[in-house]
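Content type mmCIF, C-alpha atoms, from the file my_file29.cif:
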```cif
data_protein
#
loop_
_atom_site.label_atom_id
_atom_site.label_comp_id
_atom_site.auth_asym_id
_atom_site.auth_seq_id
_atom_site.Cartn_x
_atom_site.Cartn_y
_atom_site.Cartn_z
CA MET A 17 -31.92 19.76 -7.14
CA GLU A 18 -28.98 20.34 -9.45
CA LEU A 19 -26.93 20.95 -6.32
CA ILE A 20 -27.82 17.60 -4.81
CA ILE A 21 -27.15 15.64 -8.00
CA GLY A 22 -23.79 17.31 -8.51
CA LYS A 23 -22.48 17.00 -4.99
CA TYR A 24 -24.04 14.04 -3.19
CA ASN A 25 -20.88 11.91 -3.59
CA TYR A 26 -18.95 14.33 -1.36
CA TRP A 27 -21.63 14.01 1.31
CA VAL A 28 -21.32 10.20 1.37
CA TYR A 29 -17.56 10.46 1.92
CA ILE A 30 -18.04 13.04 4.66
CA VAL A 31 -20.48 10.73 6.49
CA LEU A 32 -17.92 7.90 6.33
CA MET A 33 -15.18 10.22 7.57
CA MET A 34 -17.27 11.36 10.52
CA ILE A 35 -18.07 7.77 11.51
CA GLY A 36 -14.36 6.99 11.66
CA PHE A 37 -13.61 10.24 13.50
CA TYR A 38 -16.23 9.52 16.16
CA ALA A 39 -14.81 6.04 16.71
CA MET A 40 -11.33 7.47 17.14
CA ILE A 41 -12.22 9.97 19.86
CA ALA A 42 -15.17 8.53 21.73
CA LYS A 43 -14.55 4.81 22.18
CA ARG A 44 -12.52 3.60 25.15
CA ASN A 45 -11.11 0.34 23.85
CA LEU A 46 -7.81 0.82 22.03
CA VAL A 47 -8.57 -1.69 19.26
CA LYS A 48 -11.82 0.13 18.42
CA LYS A 49 -9.84 3.35 18.03
CA LEU A 50 -7.54 1.58 15.59
CA VAL A 51 -10.51 0.36 13.54
CA GLY A 52 -11.84 3.93 13.47
CA MET A 53 -8.53 5.16 12.11
CA ASN A 54 -8.72 2.62 9.27
CA ILE A 55 -12.26 3.73 8.37
CA PHE A 56 -11.07 7.35 8.28
CA GLN A 57 -8.18 6.49 5.98
CA THR A 58 -10.46 4.58 3.62
CA ALA A 59 -12.77 7.59 3.35
CA ILE A 60 -9.84 9.85 2.45
CA PHE A 61 -8.68 7.45 -0.28
CA LEU A 62 -12.15 7.34 -1.80
CA PHE A 63 -12.32 11.13 -1.78
CA PHE A 64 -9.05 11.45 -3.69
CA ILE A 65 -9.86 8.80 -6.29
CA GLU A 66 -13.24 10.28 -7.03
CA GLY A 67 -11.68 13.63 -7.86
CA ALA A 68 -9.77 12.05 -10.72
CA THR A 69 -12.59 10.84 -12.92
CA LYS A 70 -13.79 12.37 -16.16
CA LEU A 71 -17.05 11.64 -17.93
CA GLU A 72 -16.81 9.04 -20.77
CA ALA A 73 -13.11 8.33 -20.21
CA THR A 74 -11.36 5.00 -19.89
CA VAL A 75 -8.52 3.51 -17.82
CA PRO A 76 -5.12 5.24 -18.12
CA VAL A 77 -3.46 2.58 -20.31
CA ILE A 78 -2.73 4.05 -23.72
CA ASP A 79 -4.65 2.24 -26.44
CA PRO A 80 -3.12 2.36 -29.93
CA GLN A 81 -6.55 3.09 -31.44
CA LEU A 82 -7.41 6.06 -29.23
CA GLY A 83 -4.09 7.89 -29.44
CA ALA A 84 -2.68 10.16 -26.75
CA ASP A 85 -5.68 12.43 -26.17
CA PRO A 86 -5.93 13.86 -22.62
CA THR A 87 -9.73 13.98 -22.67
CA LYS A 88 -10.09 10.26 -23.28
CA TYR A 89 -8.16 8.97 -20.24
CA ILE A 90 -8.77 9.63 -16.56
CA ASN A 91 -6.27 11.56 -14.51
CA PRO A 92 -3.49 9.20 -13.35
CA LEU A 93 -1.86 11.42 -10.74
CA PRO A 94 -4.21 10.85 -7.73
CA HIS A 95 -4.00 7.08 -8.32
CA VAL A 96 -0.22 7.25 -7.92
CA LEU A 97 -0.49 9.22 -4.67
CA ILE A 98 -3.06 6.81 -3.26
CA LEU A 99 -0.81 3.79 -3.99
CA THR A 100 1.74 5.35 -1.67
CA GLY A 101 -1.00 6.16 0.83
CA ILE A 102 -2.28 2.59 1.00
CA VAL A 103 1.20 1.28 1.79
CA VAL A 104 1.61 3.89 4.54
CA ALA A 105 -1.77 2.86 6.03
CA LEU A 106 -0.71 -0.78 6.04
CA SER A 107 2.56 -0.12 7.87
CA LEU A 108 0.77 2.15 10.35
CA THR A 109 -1.69 -0.62 11.23
CA GLY A 110 1.14 -3.14 11.62
CA VAL A 111 3.19 -0.96 13.97
CA ALA A 112 0.09 0.03 16.00
CA LEU A 113 -0.82 -3.63 16.52
CA ALA A 114 2.72 -4.37 17.71
CA PHE A 115 2.38 -1.55 20.25
CA LEU A 116 -0.97 -2.90 21.42
CA ILE A 117 0.50 -6.35 22.07
CA ASN A 118 3.17 -4.82 24.29
CA ILE A 119 0.65 -2.65 26.17
CA ARG A 120 -1.51 -5.69 26.84
CA ARG A 121 1.45 -7.58 28.23
CA THR A 122 2.48 -4.77 30.59
CA TYR A 123 -0.87 -3.56 31.94
CA HIS A 124 -3.12 -6.62 31.33
CA SER A 125 -5.91 -4.42 30.00
CA LEU A 126 -6.84 -2.52 26.85
CA ASN A 127 -9.08 0.11 28.43
CA GLU A 128 -7.85 3.65 27.95
CA LYS A 129 -8.94 5.06 31.34
CA PHE A 130 -7.43 2.17 33.26
CA ILE A 131 -4.11 2.49 31.45
CA MET A 132 -3.89 6.26 31.99
CA LYS A 133 -4.55 5.75 35.70
CA GLU A 134 -1.89 3.04 35.95
CA MET A 135 0.63 5.17 34.07
CA SER A 136 0.24 8.21 36.32
CA LYS A 137 0.72 6.30 39.59
CA MET B 12 -17.84 12.67 27.56
CA LYS B 13 -19.44 10.99 24.60
CA LEU B 14 -21.82 13.93 24.26
CA PHE B 15 -18.88 16.31 23.72
CA ALA B 16 -17.48 13.94 21.08
CA LEU B 17 -20.84 13.81 19.30
CA ILE B 18 -21.11 17.63 19.26
CA ALA B 19 -17.55 17.98 17.90
CA VAL B 20 -18.25 15.43 15.16
CA ILE B 21 -21.50 17.16 14.13
CA ILE B 22 -19.85 20.58 13.98
CA THR B 23 -16.95 19.23 11.89
CA GLY B 24 -19.35 17.44 9.55
CA ALA B 25 -21.45 20.56 9.06
CA ALA B 26 -18.36 22.67 8.31
CA LEU B 27 -17.16 20.12 5.72
CA ILE B 28 -20.57 19.92 4.05
CA TYR B 29 -20.70 23.71 3.87
CA SER B 30 -17.37 23.68 2.05
CA THR B 31 -18.47 21.17 -0.61
CA PHE B 32 -20.73 23.70 -2.31
CA GLN B 33 -17.68 25.30 -3.89
CA MET B 34 -16.07 22.07 -5.10
CA PRO B 35 -16.14 20.99 -8.78
CA ASP B 36 -18.84 18.59 -9.95
CA TRP B 37 -18.34 14.88 -10.42
CA GLY B 38 -16.46 14.05 -13.62
CA ASP B 39 -15.55 17.62 -14.52
CA ALA B 40 -12.70 17.64 -17.04
CA GLY B 41 -11.77 21.26 -16.36
CA SER B 42 -11.27 21.05 -12.61
CA PRO B 43 -7.91 22.27 -11.24
CA ALA B 44 -6.79 18.71 -10.42
CA ASN B 45 -7.20 17.57 -14.04
CA ALA B 46 -5.89 20.61 -15.86
CA HIS B 47 -2.36 21.52 -14.91
CA VAL B 48 0.29 18.82 -15.14
CA SER B 49 -1.49 15.55 -15.90
CA PRO B 50 -2.31 16.32 -19.58
CA ARG B 51 1.44 16.61 -20.12
CA TYR B 52 1.98 13.19 -18.51
CA ILE B 53 -0.70 11.61 -20.71
CA GLU B 54 0.56 13.13 -23.95
CA LYS B 55 4.28 12.57 -23.50
CA SER B 56 4.22 9.14 -21.84
CA ILE B 57 4.76 6.94 -24.91
CA GLU B 58 7.40 9.06 -26.61
CA GLU B 59 9.50 9.69 -23.50
CA THR B 60 9.23 6.42 -21.58
CA ALA B 61 7.87 3.75 -24.00
CA THR B 62 5.39 2.57 -21.32
CA PRO B 63 1.69 2.31 -22.19
CA ASN B 64 0.62 2.14 -18.53
CA ILE B 65 0.66 5.81 -17.44
CA VAL B 66 0.29 5.04 -13.72
CA THR B 67 3.47 2.92 -13.66
CA ALA B 68 5.31 5.49 -15.77
CA VAL B 69 4.45 8.30 -13.34
CA LEU B 70 5.11 6.15 -10.24
CA ALA B 71 8.49 4.77 -11.28
CA ASP B 72 9.89 7.28 -13.75
CA TYR B 73 8.57 10.82 -13.33
CA ARG B 74 8.12 10.49 -9.54
CA GLY B 75 10.68 7.81 -8.81
CA TYR B 76 12.12 9.62 -5.81
CA ASP B 77 8.83 9.41 -3.92
CA THR B 78 8.69 5.67 -4.51
CA LEU B 79 12.16 5.35 -2.98
CA GLY B 80 10.89 7.08 0.17
CA GLU B 81 7.86 4.80 0.11
CA THR B 82 10.00 1.65 0.05
CA THR B 83 12.03 3.01 2.96
CA VAL B 84 8.80 3.55 4.94
CA ILE B 85 7.66 -0.02 4.54
CA PHE B 86 11.16 -1.34 5.30
CA THR B 87 11.20 0.72 8.53
CA ALA B 88 7.79 -0.65 9.56
CA GLY B 89 9.08 -4.22 9.18
CA ILE B 90 12.18 -3.47 11.25
CA VAL B 91 10.11 -1.78 13.99
CA CYS B 92 7.84 -4.83 14.29
CA ILE B 93 10.84 -7.11 14.66
CA MET B 94 12.44 -4.85 17.26
CA LEU B 95 9.31 -4.50 19.40
CA LEU B 96 8.12 -8.07 19.48
CA ARG B 97 10.78 -10.61 18.71
CA SER B 98 12.27 -12.29 21.76
CA ILE B 99 14.78 -15.13 21.68
CA LYS B 100 15.20 -17.23 24.77
CA ASN B 101 18.84 -18.01 25.53
CA ASP B 102 18.68 -21.07 27.73
CA MET C 17 -13.95 -31.45 18.16
CA ILE C 18 -11.88 -31.12 15.01
CA LYS C 19 -10.39 -34.43 14.00
CA ASP C 20 -7.26 -34.81 11.96
CA PHE C 21 -8.94 -35.77 8.71
CA ASP C 22 -11.37 -32.82 8.74
CA ASN C 23 -8.68 -30.51 7.44
CA ILE C 24 -7.56 -32.64 4.55
CA ILE C 25 -9.55 -30.80 1.89
CA ILE C 26 -8.14 -27.42 2.99
CA LYS C 27 -4.57 -28.70 3.22
CA THR C 28 -4.64 -30.36 -0.19
CA VAL C 29 -6.27 -27.45 -2.01
CA CYS C 30 -3.91 -24.87 -0.48
CA ARG C 31 -0.89 -26.95 -1.33
CA ILE C 32 -1.99 -27.30 -4.97
CA LEU C 33 -2.93 -23.63 -5.31
CA THR C 34 0.27 -22.01 -4.01
CA PRO C 35 2.52 -22.38 -7.10
CA PHE C 36 -0.18 -20.90 -9.33
CA LEU C 37 -0.51 -17.94 -6.96
CA GLN C 38 3.23 -17.28 -7.09
CA ILE C 39 3.39 -17.47 -10.88
CA PHE C 40 0.45 -15.09 -11.14
CA ALA C 41 2.24 -12.67 -8.80
CA LEU C 42 5.37 -12.72 -10.98
CA TYR C 43 3.14 -12.14 -14.02
CA VAL C 44 1.60 -9.06 -12.35
CA ILE C 45 5.06 -7.61 -11.57
CA ALA C 46 6.42 -8.22 -15.07
CA HIS C 47 3.36 -6.88 -16.90
CA GLY C 48 3.32 -3.60 -15.01
CA HIS C 49 4.13 -1.81 -18.25
CA TYR C 50 1.21 -2.99 -20.32
CA SER C 51 -1.70 -3.57 -17.93
CA PRO C 52 -2.64 -2.48 -14.39
CA GLY C 53 -0.11 -3.93 -11.97
CA GLY C 54 3.41 -3.19 -10.87
CA GLY C 55 5.71 -3.74 -7.93
CA PHE C 56 3.45 -3.16 -4.91
CA GLN C 57 0.57 -5.28 -6.19
CA GLY C 58 2.74 -8.25 -7.18
CA GLY C 59 4.64 -8.14 -3.89
CA CYS C 60 1.39 -8.28 -1.92
CA ILE C 61 0.22 -11.37 -3.83
CA LEU C 62 3.58 -13.11 -3.27
CA GLY C 63 3.35 -12.39 0.47
CA ALA C 64 -0.23 -13.65 0.53
CA SER C 65 0.85 -17.02 -0.89
CA PHE C 66 3.08 -17.63 2.14
CA ILE C 67 0.43 -16.45 4.57
CA LEU C 68 -2.01 -18.94 3.00
CA LEU C 69 0.39 -21.76 3.88
CA VAL C 70 0.67 -20.51 7.48
CA ILE C 71 -3.12 -20.51 7.83
CA ALA C 72 -3.61 -23.99 6.34
CA TYR C 73 -0.67 -25.69 8.07
CA ASP C 74 1.30 -24.46 11.08
CA ILE C 75 4.26 -22.14 11.38
CA ASN C 76 7.06 -24.71 11.17
CA ALA C 77 5.94 -25.79 7.71
CA VAL C 78 6.64 -22.27 6.42
CA LYS C 79 9.77 -21.63 8.47
CA LYS C 80 11.44 -24.66 6.92
CA ARG C 81 10.94 -23.17 3.45
CA MET C 82 11.44 -19.47 4.12
CA THR C 83 13.82 -19.13 7.06
CA GLU C 84 13.95 -15.94 9.03
CA LYS C 85 17.48 -15.10 7.91
CA LEU C 86 16.50 -15.35 4.25
CA ASN C 87 13.42 -13.24 4.87
CA THR C 88 15.32 -10.37 6.48
CA ALA C 89 18.05 -10.54 3.83
CA LEU C 90 15.47 -10.27 1.03
CA CYS C 91 13.92 -7.29 2.79
CA SER C 92 17.16 -5.34 2.58
CA LEU C 93 18.01 -6.64 -0.90
CA GLY C 94 14.98 -4.92 -2.38
CA VAL C 95 16.01 -1.49 -1.10
CA ILE C 96 19.62 -2.10 -2.21
CA ILE C 97 18.45 -2.89 -5.77
CA TYR C 98 16.39 0.30 -5.88
CA ALA C 99 19.08 2.63 -4.52
CA GLY C 100 21.78 0.76 -6.45
CA ILE C 101 20.17 1.46 -9.83
CA GLY C 102 20.02 5.14 -8.89
CA LEU C 103 23.70 5.07 -7.92
CA ILE C 104 24.66 3.42 -11.23
CA CYS C 105 22.94 6.27 -13.07
CA LEU C 106 24.89 8.75 -10.92
CA ILE C 107 28.23 7.04 -11.59
CA LEU C 108 27.65 7.04 -15.36
CA GLY C 109 27.25 10.81 -15.36
CA ALA C 110 23.54 11.74 -15.27
CA ASN C 111 21.35 12.79 -12.33
CA TYR C 112 20.26 10.37 -9.60
CA LEU C 113 17.54 7.97 -10.87
CA ASP C 114 17.79 9.31 -14.43
CA TYR C 115 17.47 6.09 -16.38
CA GLY C 116 18.20 7.51 -19.82
CA ILE C 117 21.94 7.13 -19.33
CA LEU C 118 21.63 3.34 -18.97
CA HIS C 119 21.83 2.96 -22.77
CA ARG C 120 25.61 2.91 -22.39
CA ILE C 121 25.47 -0.43 -20.56
CA LEU C 122 22.41 -2.09 -22.08
CA PRO C 123 22.25 -2.60 -25.88
CA VAL C 124 19.06 -0.57 -26.39
CA ASP C 125 18.24 3.01 -27.42
CA PRO C 126 17.80 5.77 -24.76
CA VAL C 127 13.99 5.71 -24.67
CA LYS C 128 13.81 1.93 -24.17
CA ALA C 129 16.48 2.18 -21.45
CA ARG C 130 13.99 4.16 -19.32
CA ALA C 131 11.53 1.29 -19.55
CA MET C 132 14.25 -1.17 -18.51
CA GLY C 133 15.18 0.96 -15.50
CA THR C 134 11.54 1.05 -14.45
CA LEU C 135 11.34 -2.76 -14.61
CA GLY C 136 14.45 -3.08 -12.46
CA ILE C 137 13.12 -0.93 -9.65
CA GLU C 138 9.74 -2.66 -9.72
CA ILE C 139 11.53 -5.95 -8.97
CA GLY C 140 13.22 -4.34 -5.97
CA VAL C 141 9.94 -2.96 -4.64
CA GLY C 142 8.21 -6.35 -5.06
CA LEU C 143 10.87 -8.20 -3.06
CA THR C 144 10.73 -5.71 -0.17
CA VAL C 145 6.94 -5.72 0.06
CA MET C 146 6.78 -9.53 0.04
CA SER C 147 9.27 -10.09 2.84
CA VAL C 148 7.88 -7.29 5.04
CA MET C 149 4.35 -8.72 4.75
CA VAL C 150 5.46 -12.21 5.81
CA SER C 151 7.60 -10.81 8.62
CA ILE C 152 4.90 -8.56 10.09
CA PHE C 153 2.32 -11.38 9.93
CA LEU C 154 4.55 -13.91 11.67
CA ASN C 155 5.53 -11.49 14.42
CA ILE C 156 2.02 -10.32 15.22
CA ALA C 157 0.34 -13.73 14.98
CA THR C 158 2.73 -15.38 17.42
CA GLY C 159 3.41 -12.39 19.66
CA GLY C 160 7.14 -12.62 19.02
CA LYS C 161 7.82 -16.15 20.20
CA HIS C 162 7.97 -18.22 17.04
CA GLU C 163 8.69 -21.51 18.80
CA GLU C 164 5.44 -21.58 20.75
CA GLY C 165 3.20 -21.41 17.72
CA GLU C 166 0.20 -19.21 16.99
CA ALA C 167 -2.71 -17.85 18.96
CA GLU C 168 -0.74 -16.20 21.73
#
```
Please, can you express the file's structure as C-alpha cells?
Amino acid sequence: MELIIGKYNYWVYIVLMMIGFYAMIAKRNLVKKLVGMNIFQTAIFLFFIEGATKLEATVPVIDPQLGADPTKYINPLPHVLILTGIVVALSLTGVALAFLINIRRTYHSLNEKFIMKEMSK
Amino acid sequence: MKLFALIAVIITGAALIYSTFQMPDWGDAGSPANAHVSPRYIEKSIEETATPNIVTAVLADYRGYDTLGETTVIFTAGIVCIMLLRSIKND
Amino acid sequence: MIKDFDNIIIKTVCRILTPFLQIFALYVIAHGHYSPGGGFQGGCILGASFILLVIAYDINAVKKRMTEKLNTALCSLGVIIYAGIGLICLILGANYLDYGILHRILPVDPVKARAMGTLGIEIGVGLTVMSVMVSIFLNIATGGKHEEGEAE
C-alpha cells in the first residue's frame, strides 16, 4: 500500500507514454503517427517536471522574506531543460508537417503501405 | 501486424513499471536530482547575478551556451520550412 | 451560408484586442527577472497576436503590416543580437558569454552587468521566436503559395 501511494504517479506517466508509443508504430496514417509522437513527448516532459518537486516548497522566485534556503524552493534545473525541450518539440512538429505536405503532393495519399509500394517501384 | 505492436508495447510497459520500484518517492528532497548542483544555484543566485527568478538566471547566465544552441535550432526549423514549401511563380 | 456581417463581432473584437496582447507580451519579456516569464514565453505571445489577425481576417491584411522581408530579417536579427553580445564580451577580454566584463561599457557595477546581459539576450530570443512562429504558420497554412490564400 505504501508502494502504491509512493509510486502511482510514475505509472500514470508510463501509461501515457505507451499510448503514444503504440500510436507511433501501429497506425498506418502518417498524421496519426505524428500525433502519437506529440503524446509521447508530452509524457516525457511531465515525467521530468514531476521529479523536481519537493514537499511544502514554493516557486523558484526568491522571496525577500524566505531568504535563500534550498529546502524552501523547488529544483529549477529540470524546468530549464524542459523549456529547451518544448521548443525542440515545436520545431519538430513544424518540419514534419512541411514534409507531409510535400508527400501528399507527390503521391496523392497519406497511407504508409501505399507510399512504400510506390517508392519501391 | 497490430498484434505484434501490442505485444511490444505491453512488454515495454511492464519493463518500465518494474524499474519504477527503485525510483525516489514523490517530493523527496534528498533524491539525486535535487541534491548535487541545484542547491548551489539557489543559494548563490542573488549575490552572483542579482536576478530573483532562478529559472531565468540558470537559463540565460549559468547555462547560456545551451540557450544559444536552442535559438539556432528554432532558426533552422524556420529556414527549413521556407525552403521546403515556398514557391514563387515567375510569370 | 456565412454572410458578410456575421463575422463583424469577431473582426472588431480581434482588432481591439491585438495591441493589448502585444503590450502584455513585451511585459512578459521585460519582467523575466522578477516573475515567471522570459524570452521564449514572450516571443510566443507576440507571434500569437499576428496569428490571431490571420485567423480573423485573411492573409493580405497581415502581409501588408508584416512583410515577408521584414519577417525573415527579424529572424536573423535575434540570433545576431545573441551571438553579438557574446562576441562583445570576448573582445573586451573575458570568456565568451561572460557578462561580468560588460561593466566597462555600461555605468553599473559587475554584478548588475550580468543582469543587463541577461536582459539583452532575452530580447534576441524573443524576436527570433516571434518571427519563426509567424513564418511557419503562414507557410503551412497556405502550402507555400501565399497569393492563393489559405485552405490549400
Just how far from atom CA of C:Gly133 is atom CA of C:Leu108, in Å to one decimal?
-> 13.9 Å
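Once the PyMOL selection byres ((chain B and resi 87-89) around 7) is applied to the shown structure, the selection contains Ser107 and Val111 of chain A; Thr83, Val84, Ile85, Phe86, Ile90, Val91, Cys92 and Ile93 of chain B; Val148, Ser151 and Ile152 of chain C.
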Report as a tab-separated table the residues of chain B within 12 Å of chain C, each with its shortest atom pair and distance in Å (one decimal), using only C-alpha atoms, ordered by chain and increasing residue number.
```
residue	atom	partner	partner_atom	distance
B:Lys55	CA	C:Val127	CA	11.9
B:Ser56	CA	C:Val127	CA	10.7
B:Ile57	CA	C:Val127	CA	9.3
B:Glu58	CA	C:Val127	CA	7.6
B:Glu59	CA	C:Val127	CA	6.1
B:Thr60	CA	C:Val127	CA	5.7
B:Ala61	CA	C:Lys128	CA	6.2
B:Thr62	CA	C:His49	CA	5.5
B:Pro63	CA	C:Tyr50	CA	5.6
B:Asn64	CA	C:His49	CA	5.3
B:Ile65	CA	C:His49	CA	8.4
B:Val66	CA	C:Pro52	CA	8.1
B:Thr67	CA	C:His49	CA	6.6
B:Ala68	CA	C:Thr134	CA	7.8
B:Val69	CA	C:Thr134	CA	10.2
B:Leu70	CA	C:Thr134	CA	9.2
B:Ala71	CA	C:Thr134	CA	5.8
B:Asp72	CA	C:Thr134	CA	6.5
B:Tyr73	CA	C:Asp114	CA	9.4
B:Arg74	CA	C:Leu113	CA	9.8
B:Gly75	CA	C:Leu113	CA	7.2
B:Tyr76	CA	C:Leu113	CA	7.6
B:Asp77	CA	C:Leu113	CA	11.2
B:Thr78	CA	C:Val141	CA	8.7
B:Leu79	CA	C:Tyr98	CA	7.2
B:Gly80	CA	C:Val95	CA	10.1
B:Glu81	CA	C:Val141	CA	9.3
B:Thr82	CA	C:Val141	CA	6.6
B:Thr83	CA	C:Val95	CA	7.3
B:Val84	CA	C:Val145	CA	10.6
B:Ile85	CA	C:Val145	CA	7.3
B:Phe86	CA	C:Val148	CA	6.8
B:Thr87	CA	C:Val148	CA	9.3
B:Ala88	CA	C:Val148	CA	8.0
B:Gly89	CA	C:Val148	CA	5.3
B:Ile90	CA	C:Val148	CA	8.5
B:Val91	CA	C:Ile152	CA	9.4
B:Cys92	CA	C:Ile152	CA	6.3
B:Ile93	CA	C:Asn155	CA	6.9
B:Met94	CA	C:Gly160	CA	9.6
B:Leu95	CA	C:Gly160	CA	8.4
B:Leu96	CA	C:Gly160	CA	4.7
B:Arg97	CA	C:Gly160	CA	4.2
B:Ser98	CA	C:Gly160	CA	5.8
B:Ile99	CA	C:Lys161	CA	7.2
B:Lys100	CA	C:Lys161	CA	8.7
```
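Restricting the calculation to all atoms listed in the file, the smallest distance between chain A and any of C:Asp125, C:Lys27, C:Phe36, C:Ala157 is found for C:Ala157.
Closest approach to C:Gly59 among C:Met146, C:Leu106, C:Ile32, C:Ala89: C:Met146, based on all atoms listed in the file.
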With the input short on atoms, add N, CA and C atoms back to stretch 140-163 of chain C and write it as a PDB file, in the coordinates of the input.
```
ATOM      1  N   GLY C 140      12.766  -4.641  -7.329  1.00  0.00           N
ATOM      2  CA  GLY C 140      13.220  -4.340  -5.970  1.00  0.00           C
ATOM      3  C   GLY C 140      12.061  -4.071  -5.015  1.00  0.00           C
ATOM      4  N   VAL C 141      11.087  -3.293  -5.489  1.00  0.00           N
ATOM      5  CA  VAL C 141       9.940  -2.960  -4.640  1.00  0.00           C
ATOM      6  C   VAL C 141       9.145  -4.215  -4.302  1.00  0.00           C
ATOM      7  N   GLY C 142       8.980  -5.125  -5.293  1.00  0.00           N
ATOM      8  CA  GLY C 142       8.210  -6.350  -5.060  1.00  0.00           C
ATOM      9  C   GLY C 142       8.853  -7.238  -4.010  1.00  0.00           C
ATOM     10  N   LEU C 143      10.186  -7.362  -4.050  1.00  0.00           N
ATOM     11  CA  LEU C 143      10.870  -8.200  -3.060  1.00  0.00           C
ATOM     12  C   LEU C 143      10.693  -7.636  -1.654  1.00  0.00           C
ATOM     13  N   THR C 144      10.857  -6.299  -1.504  1.00  0.00           N
ATOM     14  CA  THR C 144      10.730  -5.710  -0.170  1.00  0.00           C
ATOM     15  C   THR C 144       9.331  -5.888   0.397  1.00  0.00           C
ATOM     16  N   VAL C 145       8.312  -5.634  -0.434  1.00  0.00           N
ATOM     17  CA  VAL C 145       6.940  -5.720   0.060  1.00  0.00           C
ATOM     18  C   VAL C 145       6.607  -7.149   0.469  1.00  0.00           C
ATOM     19  N   MET C 146       7.076  -8.144  -0.322  1.00  0.00           N
ATOM     20  CA  MET C 146       6.780  -9.530   0.040  1.00  0.00           C
ATOM     21  C   MET C 146       7.362  -9.911   1.387  1.00  0.00           C
ATOM     22  N   SER C 147       8.648  -9.604   1.600  1.00  0.00           N
ATOM     23  CA  SER C 147       9.270 -10.090   2.840  1.00  0.00           C
ATOM     24  C   SER C 147       8.750  -9.318   4.050  1.00  0.00           C
ATOM     25  N   VAL C 148       8.400  -8.030   3.882  1.00  0.00           N
ATOM     26  CA  VAL C 148       7.880  -7.290   5.040  1.00  0.00           C
ATOM     27  C   VAL C 148       6.501  -7.803   5.419  1.00  0.00           C
ATOM     28  N   MET C 149       5.672  -8.187   4.415  1.00  0.00           N
ATOM     29  CA  MET C 149       4.350  -8.720   4.750  1.00  0.00           C
ATOM     30  C   MET C 149       4.457 -10.009   5.548  1.00  0.00           C
ATOM     31  N   VAL C 150       5.328 -10.943   5.085  1.00  0.00           N
ATOM     32  CA  VAL C 150       5.460 -12.210   5.810  1.00  0.00           C
ATOM     33  C   VAL C 150       6.010 -11.974   7.203  1.00  0.00           C
ATOM     34  N   SER C 151       6.973 -11.057   7.329  1.00  0.00           N
ATOM     35  CA  SER C 151       7.600 -10.810   8.620  1.00  0.00           C
ATOM     36  C   SER C 151       6.625 -10.199   9.610  1.00  0.00           C
ATOM     37  N   ILE C 152       5.852  -9.188   9.177  1.00  0.00           N
ATOM     38  CA  ILE C 152       4.900  -8.560  10.090  1.00  0.00           C
ATOM     39  C   ILE C 152       3.843  -9.566  10.507  1.00  0.00           C
ATOM     40  N   PHE C 153       3.361 -10.408   9.563  1.00  0.00           N
ATOM     41  CA  PHE C 153       2.320 -11.380   9.930  1.00  0.00           C
ATOM     42  C   PHE C 153       2.826 -12.377  10.939  1.00  0.00           C
ATOM     43  N   LEU C 154       4.048 -12.912  10.730  1.00  0.00           N
ATOM     44  CA  LEU C 154       4.550 -13.910  11.670  1.00  0.00           C
ATOM     45  C   LEU C 154       4.762 -13.313  13.052  1.00  0.00           C
ATOM     46  N   ASN C 155       5.268 -12.072  13.110  1.00  0.00           N
ATOM     47  CA  ASN C 155       5.530 -11.490  14.420  1.00  0.00           C
ATOM     48  C   ASN C 155       4.264 -11.174  15.174  1.00  0.00           C
ATOM     49  N   ILE C 156       3.232 -10.690  14.488  1.00  0.00           N
ATOM     50  CA  ILE C 156       2.020 -10.320  15.220  1.00  0.00           C
ATOM     51  C   ILE C 156       1.200 -11.544  15.565  1.00  0.00           C
ATOM     52  N   ALA C 157       1.198 -12.569  14.696  1.00  0.00           N
ATOM     53  CA  ALA C 157       0.340 -13.730  14.980  1.00  0.00           C
ATOM     54  C   ALA C 157       0.884 -14.571  16.118  1.00  0.00           C
ATOM     55  N   THR C 158       2.206 -14.576  16.323  1.00  0.00           N
ATOM     56  CA  THR C 158       2.730 -15.380  17.420  1.00  0.00           C
ATOM     57  C   THR C 158       3.117 -14.550  18.621  1.00  0.00           C
ATOM     58  N   GLY C 159       3.011 -13.238  18.549  1.00  0.00           N
ATOM     59  CA  GLY C 159       3.410 -12.390  19.660  1.00  0.00           C
ATOM     60  C   GLY C 159       4.894 -12.391  19.901  1.00  0.00           C
ATOM     61  N   GLY C 160       5.702 -12.737  18.881  1.00  0.00           N
ATOM     62  CA  GLY C 160       7.140 -12.620  19.020  1.00  0.00           C
ATOM     63  C   GLY C 160       7.849 -13.937  19.283  1.00  0.00           C
ATOM     64  N   LYS C 161       7.148 -14.894  19.858  1.00  0.00           N
ATOM     65  CA  LYS C 161       7.820 -16.150  20.200  1.00  0.00           C
ATOM     66  C   LYS C 161       7.435 -17.183  19.145  1.00  0.00           C
ATOM     67  N   HIS C 162       8.316 -17.372  18.159  1.00  0.00           N
ATOM     68  CA  HIS C 162       7.970 -18.220  17.040  1.00  0.00           C
ATOM     69  C   HIS C 162       7.932 -19.689  17.409  1.00  0.00           C
ATOM     70  N   GLU C 163       8.602 -20.076  18.502  1.00  0.00           N
ATOM     71  CA  GLU C 163       8.690 -21.510  18.800  1.00  0.00           C
ATOM     72  C   GLU C 163       7.405 -22.013  19.428  1.00  0.00           C
TER      73      GLU C 163
END
```
